[in-house]
Amino acid sequence: MRIYVCIKHVPDTAANIRPLGGTAFDETVKFIMNPYDEYALEQALRIRENGAGAEVVAVTVGKEVAVSTLRTALAMGADRAILVKTDAYFTDSAETGCLLHSAISRDGSPDLILTGRQSVDTEGMQIPYRLGALFDMPVAANVVAFSMDEGRVIVEREIEGDVREVIEMTMPCVVGAAKGLNQPRSPTLPDMMKAKKKEIRVIPQADLGFLAPVPAVELLGLQTVPDRGRGSILVGEPERKNGAGASVPAPERGQGSIVEKERLWRGSAFSSRRGKARSKKPAWAP
Amino acid sequence: MGALTAARQDPKGEVYALLPEPNAEACHEVLRQYGADRIVVIQTPEADLSPFPEGQAAVLAAAIDRFQLDALLGASGEAGRDLLARIASIIGAPLILDCLDIDFPSGTVRKSHFSGKTTATLRLNSRPWILGLRPNIITEQIDPRPGDIVVYEIPLHVSKRLVIREVKQGSSGGPDVSEAEIVISGGRAVGSAENFRILKECASVLGAAVGASRAAVDAGFASHALQIGQTGKTVSPRLYIACGISGSVQHFAGMKTAKVIVAVNNDPDAPIFQKCDYGLLGDLFEVVPALTRALGPGRSK
Ligand SMILES: Cc1cc2nc3c(=O)[nH]c(=O)nc-3n(C[C@H](O)[C@H](O)[C@H](O)COP(=O)(O)OP(=O)(O)OC[C@H]3O[C@@H](n4cnc5c(N)ncnc54)[C@H](O)[C@@H]3O)c2cc1C
């Protein structure tokens, strides 16, 4: 059995992202394996370890530096890795899907493809579905439980309202992993040493024949989203009788007032579901 | 309804509501009220498509082609994402999920990149556009239209390679966080699953949904379905009340677009106070029950 795991090299979720004009941003921050992809890789490794005798291949589309995330995947236990090397940081999700599809199909025939449910950088949320259509395989994403039985995969997928769908699919198929699926392992030092000897094949994007002049979805620019600033801080006794009790220090940004505090405290600002809560409309809201 | 309102923002647009349920007459009036010029009632030989997401997507993809639609809009909750992504992949169409807004004349959309730390402007260069809107980001508006009924019958052979065998309701109960107008969330400081009860009580008087930070979920205080943030749900309620949550970037990734953020925290230096609208400095075990009492039944609102 052969399992392909699609992973992405992304900035650490705690990193400060500094746009540098146009589509550029400061790429000197720390990079990690996309957190959801760790669940996908961990699942593949468990399938192999549970006696299915699988080969686990990690695949990524990214710049040359993405090799470091492939090394992490190899240290976690992937058998080998493939990098589809791009020049630009951003690739449209549909195009990434095509690149992954052609890299994987040149390499071999997958019995199972695992990915994360979304990447934490571009948040495209569609790679499992693009791969499903390109390989003509069934897909389930946002998967939090997985089992395999005689050519069938049974997964639980989380939807709204704490509801899970139990889905049965024929293999080969594509699964988009979510948090809760498993607890990914951390590689040890010997694992990392071993990973240095494993194979990483680098395929330039152009070799796969995809150089669309304009992608279907084109990134025009990135803007920083400012935090909303310090709030009006209210201190005092939670239970307030007839106006006495709570004190309001002068808010640092001068946006709070006792009136607002009283509205908040008595709930009048928020009790009506359609009521207009004070609108400090964030710049990015429509 | 938010998707209808968004569609009506297209100055030249004629709005079709696609309804894959043949027996949903009850919805027709609502669709007219919120701006559907036409209501396409889709009929298939398969009586119930609900166990077959591939079939549902195939039907809607066929309708896009049949009516030559330029764009398909839907809600980007978990179910909407799945359906829209299936449809876009069948057609090979551009797809943008979790959109914050859409500018029809320029064909551009804005969405979060890097966990809400930046907003990306994206241009769609081919049709049809498949777009999912972040739940609650667009306030639905009444804009009555005729909503003429068009019946569309398609003889579809549904593939059975993927079947939903069962739908399991989780233990948390209560309304869903993604769609709720008010969310009250608890963090590590809540301390136990039992203590989440005080948030649930407050939520029930507010008509709110309960959410949780990852620390609270990982500690087993709340179900993963309640997690808000980077690796949880993304919410955009009118009011978000964070109780005993420090305000990590990963948590903010999931609730940054809330209209009003209130933080309850007993540490005056908690980072969340630096990025909220209102902070209540105090012990959540006192403040939350006090809120419940203040807002509960028998009180003038
Ligand atoms: C890849 C990745 C993904 C992540 N995804 C998510 C995610 O989806 N969602 C998420 O939330 N986090 C996520 N995190 C974790 C995140 O970094 C934080 O660790 C987490 O949000 C902290 O949760 P917390 O605020 O509840 O706990 P803490 O940071 O421990 O904060 C507890 C707060 O409670 C206050 N407090 C203590 N006692 C009281 C009291 N009696 N009354 C009032 N206040 C009190 C404290 O002052 C403190 O501010 C992620 C991290 C990583 C690395």
# chains A, B, ... in the order shown; residues from 1 in each chain; ligands from 1
$ residues_near_ligand --ligand "ligand 1" --cutoff "7 Å" --atoms "only C-alpha atoms and all ligand atoms" --output "ChimeraX atom specification"
/A:13,35 /B:186-189,212-216,227-232,243-251,254,264-267,270,282-285
$ residues_around --residues "range 49-52 of chain A" --least-positions-apart "5" --cutoff "12 Å" --atoms "only C-alpha atoms" --output "list in words"
Met1, Arg2, Ile3, Glu42, Gln43, Ala44, Gly77, Ala78, Asp111, Ser147, Met148, Asp149, Glu150 and Gly151 of chain A
$ write_last_selection --atoms "all heavy atoms" --output "CSV table (one decimal), in the first residue's frame"
chain,number,residue,atom,x,y,z
A,1,MET,N,0.8,-1.2,0.0
A,1,MET,CA,0.0,0.0,0.0
A,1,MET,C,0.9,1.3,0.0
A,1,MET,O,1.9,1.3,0.6
A,1,MET,CB,-0.9,0.0,1.3
A,1,MET,CG,-1.8,1.2,1.3
A,1,MET,SD,-3.2,0.9,2.3
A,1,MET,CE,-2.6,1.4,3.9
A,2,ARG,N,0.4,2.2,-0.7
A,2,ARG,CA,1.2,3.5,-0.8
A,2,ARG,C,0.3,4.7,-0.3
A,2,ARG,O,-0.8,4.8,-0.8
A,2,ARG,CB,1.7,3.7,-2.2
A,2,ARG,CG,2.7,4.9,-2.2
A,2,ARG,CD,3.4,5.0,-3.5
A,2,ARG,NE,4.5,4.0,-3.7
A,2,ARG,CZ,5.2,3.8,-4.8
A,2,ARG,NH1,4.8,4.6,-5.9
A,2,ARG,NH2,6.1,3.0,-4.9
A,3,ILE,N,0.9,5.4,0.6
A,3,ILE,CA,0.1,6.5,1.2
A,3,ILE,C,0.9,7.8,0.9
A,3,ILE,O,2.1,7.9,1.2
A,3,ILE,CB,-0.1,6.4,2.7
A,3,ILE,CG1,-0.7,5.1,3.1
A,3,ILE,CG2,-0.9,7.6,3.2
A,3,ILE,CD1,-0.8,4.8,4.6
A,42,GLU,N,0.8,11.8,10.9
A,42,GLU,CA,0.7,10.9,12.0
A,42,GLU,C,-0.2,9.7,11.7
A,42,GLU,O,0.1,8.5,12.0
A,42,GLU,CB,0.2,11.6,13.3
A,42,GLU,CG,0.0,10.7,14.5
A,42,GLU,CD,1.3,10.1,15.0
A,42,GLU,OE1,2.4,10.7,14.9
A,42,GLU,OE2,1.3,8.9,15.5
A,43,GLN,N,-1.4,10.0,11.1
A,43,GLN,CA,-2.3,8.9,10.7
A,43,GLN,C,-1.7,7.9,9.7
A,43,GLN,O,-1.8,6.7,9.9
A,43,GLN,CB,-3.6,9.5,10.1
A,43,GLN,CG,-4.7,8.6,10.1
A,43,GLN,CD,-5.1,8.1,11.5
A,43,GLN,OE1,-5.2,8.9,12.4
A,43,GLN,NE2,-5.3,6.8,11.6
A,44,ALA,N,-0.9,8.5,8.7
A,44,ALA,CA,-0.3,7.6,7.8
A,44,ALA,C,0.7,6.7,8.5
A,44,ALA,O,0.8,5.5,8.2
A,44,ALA,CB,0.4,8.5,6.7
A,77,GLY,N,8.9,10.1,10.4
A,77,GLY,CA,8.8,8.7,10.0
A,77,GLY,C,8.5,8.5,8.5
A,77,GLY,O,8.4,7.3,8.1
A,78,ALA,N,8.2,9.5,7.7
A,78,ALA,CA,7.9,9.3,6.3
A,78,ALA,C,9.1,8.6,5.7
A,78,ALA,O,10.3,8.8,6.1
A,78,ALA,CB,7.6,10.6,5.6
A,111,ASP,N,-2.9,4.6,-2.7
A,111,ASP,CA,-4.1,3.9,-2.2
A,111,ASP,C,-4.8,4.8,-1.2
A,111,ASP,O,-6.0,4.6,-1.0
A,111,ASP,CB,-3.6,2.7,-1.4
A,111,ASP,CG,-2.9,1.7,-2.3
A,111,ASP,OD1,-3.7,1.1,-3.1
A,111,ASP,OD2,-1.7,1.5,-2.3
A,147,SER,N,-10.7,4.9,10.4
A,147,SER,CA,-10.4,3.4,10.5
A,147,SER,C,-10.5,2.9,9.0
A,147,SER,O,-11.1,3.5,8.2
A,147,SER,CB,-11.3,2.7,11.4
A,147,SER,OG,-12.6,2.8,10.9
A,148,MET,N,-9.8,1.7,8.9
A,148,MET,CA,-9.7,1.1,7.5
A,148,MET,C,-10.1,-0.3,7.6
A,148,MET,O,-9.7,-1.0,8.6
A,148,MET,CB,-8.2,1.2,7.1
A,148,MET,CG,-8.0,1.7,5.7
A,148,MET,SD,-6.2,2.1,5.5
A,148,MET,CE,-5.5,0.5,5.8
A,149,ASP,N,-10.8,-0.8,6.6
A,149,ASP,CA,-11.3,-2.2,6.7
A,149,ASP,C,-11.6,-2.7,5.3
A,149,ASP,O,-12.5,-2.2,4.7
A,149,ASP,CB,-12.6,-2.2,7.6
A,149,ASP,CG,-13.2,-3.6,7.7
A,149,ASP,OD1,-12.4,-4.5,7.8
A,149,ASP,OD2,-14.4,-3.7,7.7
A,150,GLU,N,-10.8,-3.6,4.9
A,150,GLU,CA,-11.0,-4.3,3.6
A,150,GLU,C,-11.4,-3.4,2.4
A,150,GLU,O,-12.5,-3.4,1.9
A,150,GLU,CB,-12.1,-5.4,3.7
A,150,GLU,CG,-11.7,-6.5,4.7
A,150,GLU,CD,-12.8,-7.5,4.8
A,150,GLU,OE1,-13.8,-7.4,4.1
A,150,GLU,OE2,-12.6,-8.4,5.7
A,151,GLY,N,-10.5,-2.5,2.1
A,151,GLY,CA,-10.7,-1.6,1.0
A,151,GLY,C,-11.7,-0.5,1.2
A,151,GLY,O,-12.1,0.2,0.3
$ closest_residue --among "B:Pro94, B:Val260, B:Val151, B:Arg110" --to "Asn125 in chain B" --atoms "only C-alpha atoms"
B:Pro94
$ select_by_dssp --residues "range 25-81 of chain B" --states "strand (DSSP E or B)" --output "PyMOL selection string"
chain B and resi 38-43+71-75
$ write_last_selection --atoms "C-alpha atoms" --output "short mmCIF file (atom, residue, chain, number, x, y, z; two decimals), in the first residue's frame"
data_model
loop_
_atom_site.label_atom_id
_atom_site.label_comp_id
_atom_site.auth_asym_id
_atom_site.auth_seq_id
_atom_site.Cartn_x
_atom_site.Cartn_y
_atom_site.Cartn_z
CA ARG B 38 -36.04 33.05 -9.01
CA ILE B 39 -36.21 29.93 -6.94
CA VAL B 40 -34.88 26.85 -8.66
CA VAL B 41 -36.48 23.75 -7.16
CA ILE B 42 -34.24 20.83 -8.05
CA GLN B 43 -35.78 17.39 -8.43
CA ALA B 71 -21.26 32.91 -9.39
CA LEU B 72 -22.38 30.59 -6.62
CA LEU B 73 -22.50 32.00 -3.10
CA GLY B 74 -23.00 30.08 0.10
CA ALA B 75 -22.18 30.10 3.78
#
$ select_by_dssp --residues "range 153-211 of chain A" --states "helix (DSSP H, G or I)" --output "list of chain:residue names"
A:Leu189, A:Pro190, A:Asp191, A:Met192, A:Met193, A:Lys194, A:Ala195, A:Gln205, A:Ala206, A:Asp207, A:Leu208
$ residues_around --residues "Leu97 in chain B" --least-positions-apart "3" --cutoff "8 Å" --atoms "only C-alpha atoms" --output "number ranges by chain"
A: 124-125; B: 76, 81, 111, 131-134
$ write_last_selection --atoms "N, CA and C atoms" --output "PDB file, in the first residue's frame"
ATOM      1  N   GLY A 124      -6.828  28.094   2.353  1.00  0.00           N
ATOM      2  CA  GLY A 124      -7.615  27.793   1.154  1.00  0.00           C
ATOM      3  C   GLY A 124      -8.731  26.779   1.376  1.00  0.00           C
ATOM      4  N   MET A 125      -8.512  25.795   2.236  1.00  0.00           N
ATOM      5  CA  MET A 125      -9.534  24.825   2.648  1.00  0.00           C
ATOM      6  C   MET A 125     -10.073  23.969   1.505  1.00  0.00           C
TER       7      MET A 125
ATOM      8  N   SER B  76     -19.947  29.693   4.577  1.00  0.00           N
ATOM      9  CA  SER B  76     -18.703  28.951   4.717  1.00  0.00           C
ATOM     10  C   SER B  76     -18.588  28.298   6.093  1.00  0.00           C
ATOM     11  N   ARG B  81     -18.678  24.692   3.450  1.00  0.00           N
ATOM     12  CA  ARG B  81     -17.334  24.536   2.873  1.00  0.00           C
ATOM     13  C   ARG B  81     -17.227  23.258   2.089  1.00  0.00           C
ATOM     14  N   LYS B 111     -10.203  38.016   2.115  1.00  0.00           N
ATOM     15  CA  LYS B 111     -10.286  36.927   3.093  1.00  0.00           C
ATOM     16  C   LYS B 111      -9.057  36.960   3.989  1.00  0.00           C
ATOM     17  N   LEU B 131     -18.009  30.974  -4.099  1.00  0.00           N
ATOM     18  CA  LEU B 131     -17.591  31.754  -2.938  1.00  0.00           C
ATOM     19  C   LEU B 131     -18.353  31.354  -1.688  1.00  0.00           C
ATOM     20  N   GLY B 132     -17.619  31.156  -0.611  1.00  0.00           N
ATOM     21  CA  GLY B 132     -18.236  30.886   0.695  1.00  0.00           C
ATOM     22  C   GLY B 132     -17.999  32.074   1.592  1.00  0.00           C
ATOM     23  N   LEU B 133     -19.031  32.549   2.255  1.00  0.00           N
ATOM     24  CA  LEU B 133     -18.909  33.717   3.128  1.00  0.00           C
ATOM     25  C   LEU B 133     -18.771  33.280   4.576  1.00  0.00           C
ATOM     26  N   ARG B 134     -17.890  33.942   5.299  1.00  0.00           N
ATOM     27  CA  ARG B 134     -17.764  33.642   6.727  1.00  0.00           C
ATOM     28  C   ARG B 134     -19.141  33.835   7.382  1.00  0.00           C
TER      29      ARG B 134
END
$ closest_residue --among "A:Leu83, A:Val174, A:Val61, A:Ala206" --to "chain B" --atoms "only C-alpha atoms"
A:Val174
$ residues_around --residues "range 27-29 of chain A" --least-positions-apart "5" --cutoff "10 Å" --atoms "only C-alpha atoms" --output "PyMOL selection string"
chain A and resi 10-12+14-20+89
$ write_last_selection --atoms "all heavy atoms" --output "PDB file, in the first residue's frame"
ATOM      1  N   VAL A  10       4.830  26.422   6.379  1.00  0.00           N
ATOM      2  CA  VAL A  10       4.115  27.680   6.661  1.00  0.00           C
ATOM      3  C   VAL A  10       4.769  28.443   7.805  1.00  0.00           C
ATOM      4  O   VAL A  10       5.446  27.842   8.648  1.00  0.00           O
ATOM      5  CB  VAL A  10       2.631  27.401   7.046  1.00  0.00           C
ATOM      6  CG1 VAL A  10       1.866  26.744   5.917  1.00  0.00           C
ATOM      7  CG2 VAL A  10       2.525  26.567   8.326  1.00  0.00           C
ATOM      8  N   PRO A  11       4.533  29.756   7.895  1.00  0.00           N
ATOM      9  CA  PRO A  11       5.065  30.493   9.037  1.00  0.00           C
ATOM     10  C   PRO A  11       4.455  29.975  10.334  1.00  0.00           C
ATOM     11  O   PRO A  11       3.278  29.605  10.354  1.00  0.00           O
ATOM     12  CB  PRO A  11       4.614  31.935   8.785  1.00  0.00           C
ATOM     13  CG  PRO A  11       4.356  32.010   7.320  1.00  0.00           C
ATOM     14  CD  PRO A  11       3.878  30.640   6.922  1.00  0.00           C
ATOM     15  N   ASP A  12       5.243  29.959  11.388  1.00  0.00           N
ATOM     16  CA  ASP A  12       4.755  29.591  12.715  1.00  0.00           C
ATOM     17  C   ASP A  12       3.510  30.424  13.018  1.00  0.00           C
ATOM     18  O   ASP A  12       3.461  31.612  12.704  1.00  0.00           O
ATOM     19  CB  ASP A  12       5.860  29.907  13.736  1.00  0.00           C
ATOM     20  CG  ASP A  12       5.537  29.367  15.119  1.00  0.00           C
ATOM     21  OD1 ASP A  12       4.345  29.287  15.464  1.00  0.00           O
ATOM     22  OD2 ASP A  12       6.484  29.037  15.852  1.00  0.00           O
ATOM     23  N   ALA A  14       2.517  31.659  15.615  1.00  0.00           N
ATOM     24  CA  ALA A  14       2.735  32.783  16.522  1.00  0.00           C
ATOM     25  C   ALA A  14       3.579  33.877  15.870  1.00  0.00           C
ATOM     26  O   ALA A  14       3.776  34.944  16.449  1.00  0.00           O
ATOM     27  CB  ALA A  14       3.418  32.294  17.797  1.00  0.00           C
ATOM     28  N   ALA A  15       4.083  33.638  14.666  1.00  0.00           N
ATOM     29  CA  ALA A  15       4.984  34.604  14.029  1.00  0.00           C
ATOM     30  C   ALA A  15       4.240  35.880  13.658  1.00  0.00           C
ATOM     31  O   ALA A  15       3.060  35.865  13.316  1.00  0.00           O
ATOM     32  CB  ALA A  15       5.603  33.990  12.776  1.00  0.00           C
ATOM     33  N   ASN A  16       4.977  36.977  13.727  1.00  0.00           N
ATOM     34  CA  ASN A  16       4.417  38.254  13.323  1.00  0.00           C
ATOM     35  C   ASN A  16       4.552  38.359  11.798  1.00  0.00           C
ATOM     36  O   ASN A  16       5.641  38.214  11.263  1.00  0.00           O
ATOM     37  CB  ASN A  16       5.214  39.366  14.028  1.00  0.00           C
ATOM     38  CG  ASN A  16       4.749  40.737  13.634  1.00  0.00           C
ATOM     39  OD1 ASN A  16       3.581  40.919  13.261  1.00  0.00           O
ATOM     40  ND2 ASN A  16       5.653  41.705  13.703  1.00  0.00           N
ATOM     41  N   ILE A  17       3.443  38.546  11.098  1.00  0.00           N
ATOM     42  CA  ILE A  17       3.492  38.591   9.638  1.00  0.00           C
ATOM     43  C   ILE A  17       3.523  40.053   9.194  1.00  0.00           C
ATOM     44  O   ILE A  17       2.604  40.815   9.480  1.00  0.00           O
ATOM     45  CB  ILE A  17       2.273  37.869   9.020  1.00  0.00           C
ATOM     46  CG1 ILE A  17       2.215  36.413   9.485  1.00  0.00           C
ATOM     47  CG2 ILE A  17       2.316  37.958   7.491  1.00  0.00           C
ATOM     48  CD1 ILE A  17       3.389  35.540   9.076  1.00  0.00           C
ATOM     49  N   ARG A  18       4.596  40.417   8.510  1.00  0.00           N
ATOM     50  CA  ARG A  18       4.779  41.811   8.108  1.00  0.00           C
ATOM     51  C   ARG A  18       4.693  41.931   6.589  1.00  0.00           C
ATOM     52  O   ARG A  18       5.610  41.508   5.882  1.00  0.00           O
ATOM     53  CB  ARG A  18       6.158  42.277   8.578  1.00  0.00           C
ATOM     54  CG  ARG A  18       6.209  43.702   9.093  1.00  0.00           C
ATOM     55  CD  ARG A  18       7.382  43.910  10.039  1.00  0.00           C
ATOM     56  NE  ARG A  18       8.643  43.372   9.518  1.00  0.00           N
ATOM     57  CZ  ARG A  18       9.447  44.033   8.683  1.00  0.00           C
ATOM     58  NH1 ARG A  18       9.150  45.244   8.261  1.00  0.00           N
ATOM     59  NH2 ARG A  18      10.567  43.462   8.267  1.00  0.00           N
ATOM     60  N   PRO A  19       3.562  42.443   6.064  1.00  0.00           N
ATOM     61  CA  PRO A  19       3.476  42.637   4.617  1.00  0.00           C
ATOM     62  C   PRO A  19       4.493  43.673   4.161  1.00  0.00           C
ATOM     63  O   PRO A  19       4.751  44.659   4.865  1.00  0.00           O
ATOM     64  CB  PRO A  19       2.048  43.162   4.403  1.00  0.00           C
ATOM     65  CG  PRO A  19       1.298  42.789   5.638  1.00  0.00           C
ATOM     66  CD  PRO A  19       2.315  42.818   6.746  1.00  0.00           C
ATOM     67  N   LEU A  20       5.098  43.422   2.994  1.00  0.00           N
ATOM     68  CA  LEU A  20       6.143  44.329   2.505  1.00  0.00           C
ATOM     69  C   LEU A  20       5.721  44.989   1.194  1.00  0.00           C
ATOM     70  O   LEU A  20       6.549  45.311   0.355  1.00  0.00           O
ATOM     71  CB  LEU A  20       7.457  43.553   2.305  1.00  0.00           C
ATOM     72  CG  LEU A  20       8.060  42.907   3.551  1.00  0.00           C
ATOM     73  CD1 LEU A  20       9.278  42.065   3.204  1.00  0.00           C
ATOM     74  CD2 LEU A  20       8.436  43.976   4.580  1.00  0.00           C
ATOM     75  N   TYR A  89       6.072  32.426  -3.487  1.00  0.00           N
ATOM     76  CA  TYR A  89       5.547  31.848  -2.257  1.00  0.00           C
ATOM     77  C   TYR A  89       4.095  31.408  -2.449  1.00  0.00           C
ATOM     78  O   TYR A  89       3.715  30.326  -2.038  1.00  0.00           O
ATOM     79  CB  TYR A  89       5.632  32.862  -1.097  1.00  0.00           C
ATOM     80  CG  TYR A  89       5.144  32.260   0.206  1.00  0.00           C
ATOM     81  CD1 TYR A  89       5.992  31.499   1.005  1.00  0.00           C
ATOM     82  CD2 TYR A  89       3.808  32.395   0.609  1.00  0.00           C
ATOM     83  CE1 TYR A  89       5.536  30.899   2.168  1.00  0.00           C
ATOM     84  CE2 TYR A  89       3.345  31.800   1.781  1.00  0.00           C
ATOM     85  CZ  TYR A  89       4.219  31.058   2.555  1.00  0.00           C
ATOM     86  OH  TYR A  89       3.763  30.461   3.698  1.00  0.00           O
TER      87      TYR A  89
END
$ closest_residue --among "B:Leu199, B:Gly92, B:Phe104, B:Val217" --to "Ser185 in chain B" --atoms "only C-alpha atoms"
B:Leu199
$ closest_residue --among "A:Gly62, A:Gly229, A:Pro215, A:Gly97" --to "Tyr278 in chain B" --atoms "only C-alpha atoms"
A:Gly229
$ atom_distance --atom1 "CA of Pro105 in chain B" --atom2 "CA of Ile137 in chain B"
19.8 Å
